[in-house]
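Chemist: I'd like to ask you about the structure that follows.
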Amino acid sequence: MKTVALTTVLTLAIGAYTPAPAQGPYDNHADAHKDIEAALRQARADDRLVLLDFGANWCLDADAHKDIEAALRQARADDRLVLLDFGANWCLDCIVLSRLFEDKTVRSFLQDNFHVVQVDVGNWDRNLDVSRKYGSPIDNGIPAVVILAGSGDVIASTRNGALADARTATAREVLGYLQGWVARKPMHAAR
C-alpha cells in the first residue's frame, strides 16, 4: 500500500466541523472530531488527501467602528446587548466559537438577546484600537468576547482568556456564558 507522503491538516479541521446530527438540542463538538477522524482514516485507507474548508467568518474590509456604532444604536432601540466577537480567519478556536454560535439553541438565544459584531484582529495588526477601547480582551488570546449595554458600557468580557480554547467548548457551555451575561444586564441597559 502506498503511503501518503504529506498529510496536511491546517490547524485541524473546521470545514469538516459541521457537526453530525446531534443527540439532543445541543450540537456537541465531539461529533465533529469523530467525523474528522473517520474522514482521515478513510483517506489513509484510500490513499487520498483530505481537504478541509475553513470558511472565512471575519470580513477583512469591515469597519469595526461603524459596525459597533450601528449595533449600539440598535441596542438602544430594542434593549438588547451588543456582543463583540474578536477573532480572525486563521484562528481555529475563533471559527469553532463561530460555529457554536450557529447551534440552533445558541443561535436562537443569541438573536433574541444580542447584536453580534465580529471584530477582525488580523494577524494581531487590525482593530487593536477597538480592543484597547474595550479593555484589551485579546491580551490572553482569541476568540475574545466583550458584552456591551446599548450605552456602550462594558457588561462582561473574556479578558481572562475564557474562550481562547473554544475548541474544547460545547454549545451548552457557550449558551451558559450567554445566559450569564444577559443576567448581568442592568435594567434598561440601552439608556
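Within each chain, counting starts at residue 1; across the C-alpha cells, chains are named A, B, ... in the order shown, with ligands numbered 1 upward in that order.
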I need the helix (DSSP H, G or I) residues of range 30-164 of chain A per DSSP on the backbone, written as an NGL selection string.
Modeler: :A and (30-46 or 64-78 or 92-101 or 104-113 or 128-133 or 137-140)
Chemist: Which residues are close to Arg126 in chain A, i.e. within 10 Å by only C-alpha atoms, leaving aside same-chain residues fewer than 6 positions away? Reply as a VMD selection string.
Modeler: chain A and resid 60 64 88 119 to 120
Chemist: For the selection you just gave me, I'd like the residues written to a file as a tab-separated table (two decimals), in the first residue's frame, keeping C-alpha atoms.
Modeler:
chain	number	residue	atom	x	y	z
A	60	LEU	CA	-11.44	41.78	6.09
A	64	ALA	CA	-15.45	47.68	13.19
A	88	ALA	CA	-9.50	36.07	12.92
A	119	VAL	CA	-14.10	42.31	15.05
A	120	ASP	CA	-11.21	41.02	12.91
Chemist: Extract the full set of strand (DSSP E or B) residues from range 31-175 of chain A according to DSSP on the backbone, and format it as a CSV table (one decimal) with C-alpha atoms, in the first residue's frame.
Modeler:
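Below you can see selection12.csv, which holds the result:
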chain,number,residue,atom,x,y,z
A,81,LEU,CA,-26.9,43.8,24.4
A,82,VAL,CA,-24.0,44.0,21.9
A,83,LEU,CA,-21.6,41.1,21.7
A,84,LEU,CA,-18.2,42.0,20.2
A,85,ASP,CA,-16.6,38.8,18.9
A,86,PHE,CA,-12.8,39.4,18.5
A,87,GLY,CA,-11.2,36.8,16.2
A,114,PHE,CA,-27.7,40.3,21.3
A,115,HIS,CA,-26.5,42.2,18.3
A,116,VAL,CA,-23.2,40.5,17.2
A,117,VAL,CA,-20.3,42.4,15.8
A,118,GLN,CA,-17.3,40.4,14.6
A,119,VAL,CA,-14.1,42.3,15.0
A,120,ASP,CA,-11.2,41.0,12.9
A,144,ALA,CA,-12.4,37.0,23.0
A,145,VAL,CA,-15.8,38.5,23.7
A,146,VAL,CA,-17.0,41.8,25.1
A,147,ILE,CA,-20.6,42.4,26.1
A,148,LEU,CA,-21.9,46.0,25.9
A,154,VAL,CA,-19.0,47.0,29.3
A,155,ILE,CA,-21.2,44.4,31.0
A,156,ALA,CA,-18.7,41.5,30.7
A,157,SER,CA,-15.5,40.4,29.0
Chemist: So, with only C-alpha atoms as the atoms that count, which of A:Asp139, A:Asp46, A:Asp78, A:Asp129 lies closest to Gln111 in chain A?
Modeler: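 Going through A:Asp139, A:Asp46, A:Asp78, A:Asp129 one by one, the smallest distance to Gln111 in chain A is for A:Asp78.
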Chemist: Which residues come within 9 Å of Gly141 in chain A, counting only C-alpha atoms, excluding same-chain residues fewer than 6 positions away, as a PyMOL selection string?
Modeler: chain A and resi 159-165
Chemist: Got a sec: who's within 8 Å of Val182 in chain A, counting only C-alpha atoms, leaving out chain neighbours fewer than 3 positions off, as a list in words?
Modeler: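 Counting only the stated atoms, we get Leu81, Asn113, Leu178, Gln179 and Lys185 of chain A.
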